[in-house]
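Since the structure comes first, as structure tokens, the remarks are kept for the end.
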Amino acid sequence: TLLTSNTVTVSGINAASNISVAGGSYSINGAAFTTAPGYVNVGDLVRAQCLSSNSFLTTTTATVVIGGVSGNFTVTTKDSGGGGGGGGYN
């Protein structure tokens with residue numbers, strides 16, 4: 001299943017900064033998701049996506065890097081007996 005993070009507003013930069021992703025894709029300001037490097041500005045809205053595993057209790061991570069600072073969007077599948085799962089962006 002392809003899962004999408006909450007929106008993060010870019011802050012803390014003074015000029016356009018590089019953005020890249022590993023393990024998933026990202027979107028800027030609602031544009032199509034991409035894996036290609038790009039640029040963001042203060043106030044841009046960024047979301048990440050990653051594909052969940054088909055295995056139980058397995059975590060997948062999309063790491064978005066903006067201006068050398070990284071943030072992870074992680075998705076963990078549930079265990080075989082039920083229980084929760086979910087994703088978070090930190």
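A note on labels: chains of the structure tokens are A, B, ... as shown, every chain counts residues from 1, and ligands are counted from 1 in their shown order.
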
Non-local contacts of A:Thr35 (7 Å; only C-alpha atoms; under 2 positions in same chain excluded) as JSON, numbers by chain:
{"A": [21, 24, 25, 26, 37]}

Would you list, as an MDAnalysis selection string, the residues of chain A that end up in strand (DSSP E or B) under DSSP run on this structure's backbone?
chainID A and resid 2:4 8:9 17:22 25:28 34 38:40 45:51 59:66 69:76 79 82 86:89

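The residue that comes closest to A:Ala16, out of A:Asp44, A:Gly30, A:Thr4, A:Phe73 and on the basis of only C-alpha atoms, is A:Asp44.
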
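Closest approach to A:Thr60 among A:Gly81, A:Thr7, A:Gly23, A:Ala48: A:Gly23, based on only C-alpha atoms.
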
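In terms of minimum interatomic distance to A:Ser27, A:Val46 ranks closest within A:Leu2, A:Leu51, A:Val46, A:Val64, counting only C-alpha atoms.
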
Excluding same-chain residues fewer than 6 positions from A:Leu45, what lies within 6 Å of it counting only C-alpha atoms, as a list of chain:residue names?
A:Val8, A:Thr9, A:Ile28, A:Asn29

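Atom CA of A:Ser55 is positioned 8.8 Å from atom CA of A:Asp79.
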
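Nearest-residue note for A:Ala32: choosing from A:Asn54, A:Val10, A:Ser20, A:Gln49, the minimum distance belongs to A:Gln49, counting only C-alpha atoms.
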
Check the smallest atom-to-atom distance from each of A:Gly43, A:Val65, A:Ala31, A:Ser53 to A:Ser11 using only C-alpha atoms, then report the winner.
A:Gly43

Residue contacts of A:Ile19 (7 Å, only C-alpha atoms) excluding same-chain residues fewer than 4 positions away, as number ranges by chain
A: 37-40, 65-67

For the residues in that selection, give me N, CA and C atoms as an mmCIF file, in the first residue's frame.
data_model
loop_
_atom_site.group_PDB
_atom_site.id
_atom_site.type_symbol
_atom_site.label_atom_id
_atom_site.label_comp_id
_atom_site.auth_asym_id
_atom_site.auth_seq_id
_atom_site.Cartn_x
_atom_site.Cartn_y
_atom_site.Cartn_z
ATOM 1 N N PRO A 37 15.790 14.825 -7.582
ATOM 2 C CA PRO A 37 16.201 15.968 -6.756
ATOM 3 C C PRO A 37 15.549 17.248 -7.253
ATOM 4 N N GLY A 38 15.322 18.188 -6.340
ATOM 5 C CA GLY A 38 14.707 19.454 -6.707
ATOM 6 C C GLY A 38 15.098 20.542 -5.740
ATOM 7 N N TYR A 39 14.274 21.587 -5.692
ATOM 8 C CA TYR A 39 14.522 22.733 -4.817
ATOM 9 C C TYR A 39 13.237 23.125 -4.106
ATOM 10 N N VAL A 40 13.380 23.604 -2.868
ATOM 11 C CA VAL A 40 12.244 24.133 -2.110
ATOM 12 C C VAL A 40 12.611 25.502 -1.566
ATOM 13 N N VAL A 65 15.482 14.854 2.476
ATOM 14 C CA VAL A 65 16.580 15.720 2.908
ATOM 15 C C VAL A 65 16.408 17.084 2.259
ATOM 16 N N ILE A 66 16.353 18.121 3.092
ATOM 17 C CA ILE A 66 16.246 19.502 2.620
ATOM 18 C C ILE A 66 17.435 20.272 3.171
ATOM 19 N N GLY A 67 18.267 20.775 2.273
ATOM 20 C CA GLY A 67 19.421 21.565 2.696
ATOM 21 C C GLY A 67 20.308 20.848 3.680
#
